[in-house]
>>> print(open('protein20.cif').read())   # mmCIF, N, CA and C atoms
data_coords
#
loop_
_atom_site.label_atom_id
_atom_site.label_comp_id
_atom_site.auth_asym_id
_atom_site.auth_seq_id
_atom_site.Cartn_x
_atom_site.Cartn_y
_atom_site.Cartn_z
N MET A 1 38.88 -6.49 67.54
CA MET A 1 38.29 -5.57 66.59
C MET A 1 37.11 -6.26 65.91
N THR A 2 36.02 -5.53 65.74
CA THR A 2 34.84 -6.05 65.10
C THR A 2 35.04 -6.05 63.59
N SER A 3 34.65 -7.13 62.95
CA SER A 3 34.73 -7.22 61.50
C SER A 3 33.47 -6.61 60.90
N LEU A 4 33.66 -5.72 59.94
CA LEU A 4 32.54 -5.09 59.27
C LEU A 4 32.24 -5.81 57.97
N PRO A 5 30.96 -5.83 57.55
CA PRO A 5 30.61 -6.50 56.30
C PRO A 5 31.14 -5.73 55.10
N ASP A 6 31.25 -6.43 53.96
CA ASP A 6 31.58 -5.75 52.71
C ASP A 6 30.50 -4.72 52.44
N PHE A 7 30.90 -3.58 51.95
CA PHE A 7 29.96 -2.48 51.78
C PHE A 7 30.23 -1.74 50.48
N PRO A 8 30.08 -2.43 49.33
CA PRO A 8 30.38 -1.77 48.06
C PRO A 8 29.32 -0.77 47.65
N GLY A 9 29.69 0.12 46.76
CA GLY A 9 28.72 1.07 46.20
C GLY A 9 28.50 2.27 47.09
N ALA A 10 27.60 3.13 46.68
CA ALA A 10 27.27 4.34 47.43
C ALA A 10 26.59 3.98 48.74
N VAL A 11 26.68 4.87 49.71
CA VAL A 11 26.10 4.64 51.03
C VAL A 11 25.05 5.72 51.28
N GLY A 12 23.89 5.31 51.79
CA GLY A 12 22.85 6.25 52.15
C GLY A 12 22.72 6.34 53.65
N LEU A 13 22.48 7.55 54.16
CA LEU A 13 22.23 7.78 55.58
C LEU A 13 20.85 8.38 55.71
N SER A 14 20.09 7.90 56.68
CA SER A 14 18.79 8.48 56.95
C SER A 14 18.48 8.33 58.42
N GLN A 15 17.53 9.13 58.88
CA GLN A 15 17.10 9.02 60.26
C GLN A 15 15.79 8.25 60.29
N LEU A 16 15.68 7.31 61.21
CA LEU A 16 14.49 6.50 61.35
C LEU A 16 13.86 6.77 62.70
N GLU A 17 12.59 7.08 62.69
CA GLU A 17 11.79 7.14 63.90
C GLU A 17 10.74 6.06 63.75
N ALA A 18 10.88 4.98 64.50
CA ALA A 18 9.95 3.84 64.36
C ALA A 18 8.53 4.30 64.68
N TYR A 19 7.58 3.82 63.89
CA TYR A 19 6.18 4.22 64.06
C TYR A 19 5.73 4.05 65.51
N PRO A 20 5.02 5.03 66.05
CA PRO A 20 4.51 4.92 67.41
C PRO A 20 3.15 4.20 67.49
N TRP A 21 2.53 3.93 66.34
CA TRP A 21 1.19 3.36 66.32
C TRP A 21 1.18 1.92 66.80
N PRO A 22 0.17 1.51 67.55
CA PRO A 22 0.10 0.10 67.96
C PRO A 22 -0.12 -0.82 66.77
N THR A 23 0.42 -2.02 66.87
CA THR A 23 0.29 -3.01 65.81
C THR A 23 -0.69 -4.09 66.22
N ALA A 24 -1.03 -4.94 65.28
CA ALA A 24 -1.95 -6.05 65.55
C ALA A 24 -1.39 -7.01 66.59
N ASP A 25 -0.05 -7.06 66.73
CA ASP A 25 0.55 -7.96 67.71
C ASP A 25 0.96 -7.22 68.99
N ASP A 26 0.28 -6.10 69.27
CA ASP A 26 0.47 -5.33 70.50
C ASP A 26 1.86 -4.75 70.68
N GLU A 27 2.51 -4.41 69.59
CA GLU A 27 3.80 -3.73 69.62
C GLU A 27 3.60 -2.34 69.01
N HIS A 28 4.66 -1.60 68.89
CA HIS A 28 4.68 -0.31 68.19
C HIS A 28 5.94 -0.34 67.34
N GLY A 29 5.79 -0.06 66.06
CA GLY A 29 7.00 -0.09 65.25
C GLY A 29 6.75 -0.16 63.77
N GLY A 30 7.80 -0.59 63.06
CA GLY A 30 7.83 -0.55 61.61
C GLY A 30 7.27 -1.77 60.92
N SER A 31 7.40 -1.73 59.60
CA SER A 31 6.91 -2.79 58.72
C SER A 31 7.98 -3.88 58.56
N PRO A 32 7.63 -5.13 58.80
CA PRO A 32 8.58 -6.20 58.50
C PRO A 32 8.88 -6.20 57.00
N HIS A 33 10.16 -6.26 56.68
CA HIS A 33 10.59 -6.28 55.28
C HIS A 33 12.00 -6.82 55.20
N MET A 34 12.48 -7.01 53.99
CA MET A 34 13.87 -7.41 53.78
C MET A 34 14.41 -6.67 52.58
N HIS A 35 15.73 -6.68 52.45
CA HIS A 35 16.40 -6.09 51.31
C HIS A 35 17.05 -7.22 50.52
N LEU A 36 16.90 -7.16 49.21
CA LEU A 36 17.40 -8.22 48.34
C LEU A 36 18.91 -8.17 48.17
N THR A 37 19.49 -6.97 48.14
CA THR A 37 20.93 -6.86 47.88
C THR A 37 21.67 -5.95 48.84
N CYS A 38 20.98 -5.23 49.71
CA CYS A 38 21.63 -4.23 50.55
C CYS A 38 21.86 -4.71 51.98
N THR A 39 23.08 -4.47 52.48
CA THR A 39 23.37 -4.61 53.89
C THR A 39 22.91 -3.32 54.57
N GLU A 40 22.45 -3.43 55.83
CA GLU A 40 21.92 -2.28 56.54
C GLU A 40 22.49 -2.25 57.95
N CYS A 41 22.61 -1.04 58.49
CA CYS A 41 23.13 -0.84 59.84
C CYS A 41 22.24 0.14 60.57
N TYR A 42 21.94 -0.15 61.84
CA TYR A 42 21.23 0.79 62.71
C TYR A 42 22.21 1.30 63.76
N ILE A 43 22.26 2.62 63.92
CA ILE A 43 23.01 3.25 64.99
C ILE A 43 21.98 3.96 65.86
N VAL A 44 21.80 3.49 67.08
CA VAL A 44 20.76 4.03 67.96
C VAL A 44 21.25 5.34 68.56
N ILE A 45 20.51 6.43 68.33
CA ILE A 45 20.92 7.73 68.85
C ILE A 45 20.12 8.14 70.09
N SER A 46 18.90 7.62 70.25
CA SER A 46 18.14 7.92 71.46
C SER A 46 16.98 6.95 71.59
N GLY A 47 16.38 6.95 72.77
CA GLY A 47 15.24 6.09 73.05
C GLY A 47 15.66 4.66 73.29
N ARG A 48 14.67 3.80 73.20
CA ARG A 48 14.97 2.37 73.33
C ARG A 48 13.94 1.58 72.53
N GLY A 49 14.35 0.38 72.13
CA GLY A 49 13.47 -0.47 71.35
C GLY A 49 14.12 -1.82 71.13
N ARG A 50 13.65 -2.49 70.09
CA ARG A 50 14.16 -3.81 69.74
C ARG A 50 14.20 -3.94 68.23
N LEU A 51 15.12 -4.76 67.76
CA LEU A 51 15.17 -5.12 66.36
C LEU A 51 14.84 -6.60 66.26
N GLU A 52 13.76 -6.92 65.57
CA GLU A 52 13.41 -8.32 65.31
C GLU A 52 13.95 -8.69 63.94
N THR A 53 14.69 -9.80 63.87
CA THR A 53 15.21 -10.29 62.60
C THR A 53 14.86 -11.76 62.43
N LEU A 54 14.66 -12.15 61.18
CA LEU A 54 14.40 -13.54 60.83
C LEU A 54 15.26 -13.88 59.63
N ASN A 55 16.14 -14.88 59.81
CA ASN A 55 17.00 -15.33 58.72
C ASN A 55 17.27 -16.82 58.89
N HIS A 56 18.30 -17.34 58.23
CA HIS A 56 18.59 -18.77 58.28
C HIS A 56 18.91 -19.26 59.70
N LYS A 57 19.21 -18.35 60.61
CA LYS A 57 19.48 -18.72 62.01
C LYS A 57 18.22 -18.72 62.87
N GLY A 58 17.08 -18.30 62.28
CA GLY A 58 15.83 -18.24 63.03
C GLY A 58 15.49 -16.82 63.45
N LEU A 59 14.52 -16.71 64.36
CA LEU A 59 14.05 -15.43 64.86
C LEU A 59 14.96 -14.94 65.98
N THR A 60 15.39 -13.69 65.89
CA THR A 60 16.24 -13.09 66.91
C THR A 60 15.68 -11.73 67.29
N THR A 61 15.72 -11.40 68.57
CA THR A 61 15.35 -10.07 69.04
C THR A 61 16.57 -9.45 69.70
N THR A 62 16.94 -8.26 69.24
CA THR A 62 18.10 -7.54 69.76
C THR A 62 17.63 -6.26 70.42
N GLU A 63 17.98 -6.06 71.69
CA GLU A 63 17.65 -4.83 72.39
C GLU A 63 18.39 -3.67 71.75
N LEU A 64 17.74 -2.51 71.67
CA LEU A 64 18.33 -1.31 71.08
C LEU A 64 18.34 -0.20 72.13
N ARG A 65 19.54 0.29 72.43
CA ARG A 65 19.75 1.38 73.38
C ARG A 65 20.70 2.40 72.75
N PRO A 66 20.72 3.65 73.23
CA PRO A 66 21.63 4.64 72.67
C PRO A 66 23.07 4.14 72.62
N GLY A 67 23.69 4.33 71.47
CA GLY A 67 25.07 3.89 71.26
C GLY A 67 25.19 2.51 70.63
N ASP A 68 24.11 1.72 70.61
CA ASP A 68 24.16 0.39 70.00
C ASP A 68 24.29 0.51 68.48
N VAL A 69 25.04 -0.43 67.90
CA VAL A 69 25.19 -0.53 66.46
C VAL A 69 24.90 -1.97 66.07
N VAL A 70 23.94 -2.17 65.17
CA VAL A 70 23.61 -3.52 64.71
C VAL A 70 23.63 -3.55 63.19
N TRP A 71 24.17 -4.63 62.62
CA TRP A 71 24.25 -4.85 61.19
C TRP A 71 23.37 -6.03 60.82
N PHE A 72 22.75 -5.98 59.65
CA PHE A 72 22.08 -7.16 59.12
C PHE A 72 22.24 -7.20 57.61
N THR A 73 22.26 -8.41 57.10
CA THR A 73 22.64 -8.66 55.72
C THR A 73 21.42 -8.80 54.81
N PRO A 74 21.63 -8.75 53.48
CA PRO A 74 20.52 -8.97 52.55
C PRO A 74 19.82 -10.29 52.84
N GLY A 75 18.51 -10.28 52.64
CA GLY A 75 17.71 -11.48 52.87
C GLY A 75 17.24 -11.65 54.30
N THR A 76 17.62 -10.76 55.20
CA THR A 76 17.18 -10.81 56.59
C THR A 76 15.90 -10.02 56.73
N ILE A 77 14.82 -10.68 57.11
CA ILE A 77 13.57 -9.98 57.39
C ILE A 77 13.77 -9.25 58.72
N HIS A 78 13.35 -7.98 58.77
CA HIS A 78 13.58 -7.20 59.99
C HIS A 78 12.48 -6.16 60.19
N ARG A 79 12.31 -5.78 61.46
CA ARG A 79 11.46 -4.65 61.81
C ARG A 79 11.94 -4.07 63.13
N ALA A 80 11.83 -2.75 63.23
CA ALA A 80 12.18 -2.05 64.45
C ALA A 80 10.93 -1.93 65.32
N ILE A 81 11.09 -2.23 66.59
CA ILE A 81 10.02 -2.07 67.57
C ILE A 81 10.36 -0.85 68.42
N ASN A 82 9.41 0.05 68.57
CA ASN A 82 9.59 1.30 69.30
C ASN A 82 9.04 1.13 70.71
N ASP A 83 9.94 0.93 71.69
CA ASP A 83 9.50 0.80 73.08
C ASP A 83 9.42 2.15 73.79
N GLU A 84 10.30 3.10 73.39
CA GLU A 84 10.29 4.42 74.02
C GLU A 84 11.05 5.42 73.15
N ASN A 85 10.32 6.10 72.26
CA ASN A 85 10.88 7.19 71.48
C ASN A 85 12.17 6.81 70.75
N LEU A 86 12.17 5.67 70.06
CA LEU A 86 13.35 5.14 69.38
C LEU A 86 13.72 6.00 68.17
N HIS A 87 14.98 6.46 68.14
CA HIS A 87 15.53 7.20 67.00
C HIS A 87 16.82 6.52 66.58
N VAL A 88 16.93 6.24 65.28
CA VAL A 88 18.04 5.47 64.74
C VAL A 88 18.59 6.18 63.50
N ILE A 89 19.91 6.17 63.34
CA ILE A 89 20.52 6.54 62.07
C ILE A 89 20.70 5.24 61.29
N VAL A 90 20.20 5.22 60.07
CA VAL A 90 20.31 4.04 59.22
C VAL A 90 21.43 4.28 58.21
N VAL A 91 22.36 3.34 58.16
CA VAL A 91 23.41 3.34 57.15
C VAL A 91 23.05 2.22 56.18
N MET A 92 22.80 2.59 54.93
CA MET A 92 22.31 1.63 53.95
C MET A 92 23.27 1.54 52.78
N GLN A 93 23.64 0.33 52.45
CA GLN A 93 24.47 0.09 51.27
C GLN A 93 23.71 0.53 50.02
N ASN A 94 24.42 1.01 49.03
CA ASN A 94 23.84 1.37 47.73
C ASN A 94 22.71 2.39 47.87
N SER A 95 23.09 3.58 48.21
CA SER A 95 22.16 4.69 48.43
C SER A 95 21.11 4.77 47.32
N GLY A 96 19.84 4.85 47.72
CA GLY A 96 18.74 4.98 46.77
C GLY A 96 18.16 3.67 46.30
N LEU A 97 18.91 2.58 46.38
CA LEU A 97 18.42 1.30 45.89
C LEU A 97 17.20 0.79 46.66
N PRO A 98 17.16 0.91 48.00
CA PRO A 98 15.98 0.41 48.70
C PRO A 98 14.68 1.03 48.21
N GLU A 99 14.73 2.32 47.88
CA GLU A 99 13.52 2.99 47.40
C GLU A 99 13.20 2.62 45.95
N ALA A 100 14.14 1.98 45.27
CA ALA A 100 13.94 1.61 43.86
C ALA A 100 13.65 0.12 43.70
N GLY A 101 13.12 -0.51 44.74
CA GLY A 101 12.70 -1.89 44.59
C GLY A 101 13.48 -2.92 45.38
N ASP A 102 14.52 -2.52 46.12
CA ASP A 102 15.30 -3.49 46.89
C ASP A 102 14.58 -3.92 48.16
N ALA A 103 13.76 -3.05 48.74
CA ALA A 103 13.01 -3.40 49.95
C ALA A 103 11.75 -4.15 49.57
N VAL A 104 11.55 -5.33 50.16
CA VAL A 104 10.38 -6.17 49.87
C VAL A 104 9.61 -6.39 51.16
N MET A 105 8.34 -6.01 51.16
CA MET A 105 7.48 -6.19 52.33
C MET A 105 7.06 -7.65 52.47
N THR A 106 6.77 -8.05 53.69
CA THR A 106 6.39 -9.44 53.98
C THR A 106 4.87 -9.60 53.94
N PHE A 107 4.26 -9.21 52.83
CA PHE A 107 2.81 -9.28 52.69
C PHE A 107 2.33 -10.73 52.56
N PRO A 108 1.04 -10.98 52.85
CA PRO A 108 0.46 -12.30 52.59
C PRO A 108 0.55 -12.64 51.10
N PRO A 109 0.51 -13.92 50.74
CA PRO A 109 0.71 -14.35 49.35
C PRO A 109 -0.17 -13.65 48.32
N GLU A 110 -1.41 -13.35 48.66
CA GLU A 110 -2.30 -12.74 47.66
C GLU A 110 -1.88 -11.32 47.27
N TYR A 111 -0.92 -10.73 47.99
CA TYR A 111 -0.44 -9.38 47.66
C TYR A 111 0.95 -9.40 47.03
N LEU A 112 1.44 -10.57 46.65
CA LEU A 112 2.81 -10.67 46.15
C LEU A 112 2.92 -10.74 44.63
N SER A 113 1.84 -10.54 43.92
CA SER A 113 1.90 -10.55 42.46
C SER A 113 2.20 -9.15 41.93
N PRO A 114 2.67 -9.05 40.69
CA PRO A 114 2.91 -7.71 40.11
C PRO A 114 1.64 -6.86 40.04
N GLN A 115 0.48 -7.49 40.05
CA GLN A 115 -0.78 -6.76 39.98
C GLN A 115 -1.21 -6.21 41.35
N THR A 116 -0.89 -6.91 42.44
CA THR A 116 -1.40 -6.52 43.76
C THR A 116 -0.35 -5.84 44.65
N TYR A 117 0.93 -6.16 44.46
CA TYR A 117 1.97 -5.65 45.35
C TYR A 117 2.11 -4.12 45.30
N PRO A 118 2.15 -3.48 44.13
CA PRO A 118 2.37 -2.02 44.11
C PRO A 118 1.34 -1.23 44.92
N ALA A 119 0.09 -1.57 44.81
CA ALA A 119 -0.94 -0.84 45.57
C ALA A 119 -0.80 -1.11 47.07
N ALA A 120 -0.50 -2.35 47.45
CA ALA A 120 -0.34 -2.67 48.86
C ALA A 120 0.87 -1.98 49.46
N ALA A 121 1.93 -1.80 48.68
CA ALA A 121 3.18 -1.20 49.19
C ALA A 121 3.16 0.33 49.15
N SER A 122 2.24 0.92 48.44
CA SER A 122 2.22 2.37 48.28
C SER A 122 1.91 3.10 49.58
N LEU A 123 2.57 4.24 49.78
CA LEU A 123 2.29 5.10 50.93
C LEU A 123 1.41 6.28 50.53
N LEU A 124 0.94 6.30 49.28
CA LEU A 124 0.17 7.43 48.77
C LEU A 124 -1.32 7.21 48.95
N ASP A 125 -2.03 8.28 49.34
CA ASP A 125 -3.48 8.21 49.47
C ASP A 125 -4.13 8.43 48.11
N ALA A 126 -5.44 8.54 48.07
CA ALA A 126 -6.18 8.69 46.82
C ALA A 126 -5.81 9.97 46.06
N ASP A 127 -5.28 10.97 46.77
CA ASP A 127 -4.85 12.23 46.14
C ASP A 127 -3.36 12.24 45.81
N ALA A 128 -2.72 11.07 45.90
CA ALA A 128 -1.29 10.90 45.59
C ALA A 128 -0.37 11.63 46.58
N ASN A 129 -0.83 11.78 47.83
CA ASN A 129 -0.02 12.37 48.89
C ASN A 129 0.42 11.29 49.88
N PRO A 130 1.65 11.38 50.40
CA PRO A 130 2.06 10.43 51.43
C PRO A 130 1.10 10.50 52.62
N SER A 131 0.75 9.34 53.15
CA SER A 131 -0.28 9.27 54.17
C SER A 131 0.14 8.38 55.34
N HIS A 132 -0.04 8.89 56.56
CA HIS A 132 0.21 8.07 57.75
C HIS A 132 -0.74 6.88 57.79
N LYS A 133 -1.95 7.10 57.32
CA LYS A 133 -2.94 6.02 57.30
C LYS A 133 -2.49 4.89 56.38
N ARG A 134 -1.94 5.24 55.21
CA ARG A 134 -1.42 4.22 54.27
C ARG A 134 -0.19 3.52 54.85
N ALA A 135 0.69 4.29 55.53
CA ALA A 135 1.87 3.69 56.16
C ALA A 135 1.46 2.68 57.21
N GLN A 136 0.46 3.01 57.98
CA GLN A 136 -0.03 2.10 59.02
C GLN A 136 -0.67 0.87 58.40
N ALA A 137 -1.46 1.05 57.34
CA ALA A 137 -2.09 -0.09 56.66
C ALA A 137 -1.05 -1.01 56.04
N ARG A 138 -0.01 -0.43 55.42
CA ARG A 138 1.07 -1.23 54.83
C ARG A 138 1.80 -2.02 55.91
N ARG A 139 2.13 -1.34 57.00
CA ARG A 139 2.81 -1.99 58.11
C ARG A 139 2.00 -3.16 58.66
N ASP A 140 0.70 -2.94 58.87
CA ASP A 140 -0.15 -4.00 59.42
C ASP A 140 -0.29 -5.17 58.46
N LEU A 141 -0.35 -4.89 57.16
CA LEU A 141 -0.42 -5.96 56.17
C LEU A 141 0.88 -6.77 56.18
N ALA A 142 2.02 -6.10 56.32
CA ALA A 142 3.31 -6.82 56.38
C ALA A 142 3.41 -7.67 57.64
N ILE A 143 2.87 -7.20 58.75
CA ILE A 143 2.87 -8.00 59.98
C ILE A 143 1.99 -9.24 59.79
N THR A 144 0.86 -9.08 59.12
CA THR A 144 -0.02 -10.23 58.85
C THR A 144 0.69 -11.27 58.02
N GLY A 145 1.50 -10.80 57.05
CA GLY A 145 2.23 -11.71 56.17
C GLY A 145 3.32 -12.46 56.91
#
>>> encode(input="protein20.cif", output="structure tokens")
Amino acid sequence: MTSLPDFPGAVGLSQLEAYPWPTADDEHGGSPHMHLTCTECYIVISGRGRLETLNHKGLTTTELRPGDVVWFTPGTIHRAINDENLHVIVVMQNSGLPEAGDAVMTFPPEYLSPQTYPAAASLLDADANPSHKRAQARRDLAITG
């Protein structure tokens, strides 16, 4: 039997479709980031891809196929790579916390101050609307970091 991590607090479920846009490192996928206090789980429902993680054990790449379930703990830098129409259900500890500051992007040092981080992390355009262009810029900045 597989041992599951401790999972206190409320649980959030969401669907993730990894970005299809090409990245600076010739991949397609999400923004490298980590969670300070939340454990996270990916349940692959369709497509295929990879999960890149970086933690005290080093860099690991895990293949993602339908039916795969992968867990990662707080402090693990991670990003989903979309190789072919990757769709994932995300199970997140402490529902709502990631959107309230638990998720930290891997930006270069000059964007990590309280003055520069909020603008770099924002997905809103000049009219305060969510923007694919801003999501792509944020993702690329996190890859650079």
>>> residues_around(input="protein20.cif", residues="range 111-127 of chain A", least_positions_apart="3", cutoff="8 Å", atoms="only N, CA and C atoms", output="PyMOL selection string")
chain A and resi 105-108+130-139+141
>>> closest_residue(input="protein20.cif", among="A:Asp68, A:Glu110, A:Glu27, A:Glu40", to="Ser14 in chain A", atoms="only C-alpha atoms")
A:Glu40
>>> closest_residue(input="protein20.cif", among="A:Thr37, A:Ser46, A:Asn82, A:Thr23", to="Gly67 in chain A", atoms="only N, CA and C atoms")
A:Ser46
>>> closest_residue(input="protein20.cif", among="A:Ser31, A:Asn129, A:Thr39, A:Thr61", to="Ala80 in chain A", atoms="all atoms listed in the file")
A:Ser31
>>> atom_distance(input="protein20.cif", atom1="CA of Ile143 in chain A", atom2="atom C of Ala10 in chain A")
28.9 Å
>>> build_atoms(input="protein20.cif", residues="range 48-70 of chain A", atoms="N, CA, C and O atoms", output="tab-separated table (two decimals), in the frame of the given file")
chain	number	residue	atom	x	y	z
A	48	ARG	N	14.67	3.80	73.20
A	48	ARG	CA	14.97	2.37	73.33
A	48	ARG	C	13.94	1.58	72.53
A	48	ARG	O	12.83	2.03	72.28
A	49	GLY	N	14.35	0.38	72.13
A	49	GLY	CA	13.47	-0.47	71.35
A	49	GLY	C	14.12	-1.82	71.13
A	49	GLY	O	15.02	-2.22	71.86
A	50	ARG	N	13.65	-2.49	70.09
A	50	ARG	CA	14.16	-3.81	69.74
A	50	ARG	C	14.20	-3.94	68.23
A	50	ARG	O	13.42	-3.32	67.52
A	51	LEU	N	15.12	-4.76	67.76
A	51	LEU	CA	15.17	-5.12	66.36
A	51	LEU	C	14.84	-6.60	66.26
A	51	LEU	O	15.53	-7.43	66.86
A	52	GLU	N	13.76	-6.92	65.57
A	52	GLU	CA	13.41	-8.32	65.31
A	52	GLU	C	13.95	-8.69	63.94
A	52	GLU	O	13.72	-7.97	62.96
A	53	THR	N	14.69	-9.80	63.87
A	53	THR	CA	15.21	-10.29	62.60
A	53	THR	C	14.86	-11.76	62.43
A	53	THR	O	14.75	-12.51	63.41
A	54	LEU	N	14.66	-12.15	61.18
A	54	LEU	CA	14.40	-13.54	60.83
A	54	LEU	C	15.26	-13.88	59.63
A	54	LEU	O	15.16	-13.23	58.58
A	55	ASN	N	16.14	-14.88	59.81
A	55	ASN	CA	17.00	-15.33	58.72
A	55	ASN	C	17.27	-16.82	58.89
A	55	ASN	O	16.55	-17.50	59.63
A	56	HIS	N	18.30	-17.34	58.23
A	56	HIS	CA	18.59	-18.77	58.28
A	56	HIS	C	18.91	-19.26	59.70
A	56	HIS	O	18.84	-20.45	59.97
A	57	LYS	N	19.21	-18.35	60.61
A	57	LYS	CA	19.48	-18.72	62.01
A	57	LYS	C	18.22	-18.72	62.87
A	57	LYS	O	18.27	-19.06	64.04
A	58	GLY	N	17.08	-18.30	62.28
A	58	GLY	CA	15.83	-18.24	63.03
A	58	GLY	C	15.49	-16.82	63.45
A	58	GLY	O	16.09	-15.85	63.00
A	59	LEU	N	14.52	-16.71	64.36
A	59	LEU	CA	14.05	-15.43	64.86
A	59	LEU	C	14.96	-14.94	65.98
A	59	LEU	O	15.27	-15.70	66.90
A	60	THR	N	15.39	-13.69	65.89
A	60	THR	CA	16.24	-13.09	66.91
A	60	THR	C	15.68	-11.73	67.29
A	60	THR	O	15.21	-10.99	66.42
A	61	THR	N	15.72	-11.40	68.57
A	61	THR	CA	15.35	-10.07	69.04
A	61	THR	C	16.57	-9.45	69.70
A	61	THR	O	17.17	-10.04	70.59
A	62	THR	N	16.94	-8.26	69.24
A	62	THR	CA	18.10	-7.54	69.76
A	62	THR	C	17.63	-6.26	70.42
A	62	THR	O	16.92	-5.46	69.80
A	63	GLU	N	17.98	-6.06	71.69
A	63	GLU	CA	17.65	-4.83	72.39
A	63	GLU	C	18.39	-3.67	71.75
A	63	GLU	O	19.55	-3.80	71.35
A	64	LEU	N	17.74	-2.51	71.67
A	64	LEU	CA	18.33	-1.31	71.08
A	64	LEU	C	18.34	-0.20	72.13
A	64	LEU	O	17.29	0.18	72.64
A	65	ARG	N	19.54	0.29	72.43
A	65	ARG	CA	19.75	1.38	73.38
A	65	ARG	C	20.70	2.40	72.75
A	65	ARG	O	21.47	2.06	71.85
A	66	PRO	N	20.72	3.65	73.23
A	66	PRO	CA	21.63	4.64	72.67
A	66	PRO	C	23.07	4.14	72.62
A	66	PRO	O	23.57	3.56	73.58
A	67	GLY	N	23.69	4.33	71.47
A	67	GLY	CA	25.07	3.89	71.26
A	67	GLY	C	25.19	2.51	70.63
A	67	GLY	O	26.26	2.15	70.14
A	68	ASP	N	24.11	1.72	70.61
A	68	ASP	CA	24.16	0.39	70.00
A	68	ASP	C	24.29	0.51	68.48
A	68	ASP	O	23.72	1.41	67.86
A	69	VAL	N	25.04	-0.43	67.90
A	69	VAL	CA	25.19	-0.53	66.46
A	69	VAL	C	24.90	-1.97	66.07
A	69	VAL	O	25.50	-2.90	66.63
A	70	VAL	N	23.94	-2.17	65.17
A	70	VAL	CA	23.61	-3.52	64.71
A	70	VAL	C	23.63	-3.55	63.19
A	70	VAL	O	23.19	-2.60	62.52
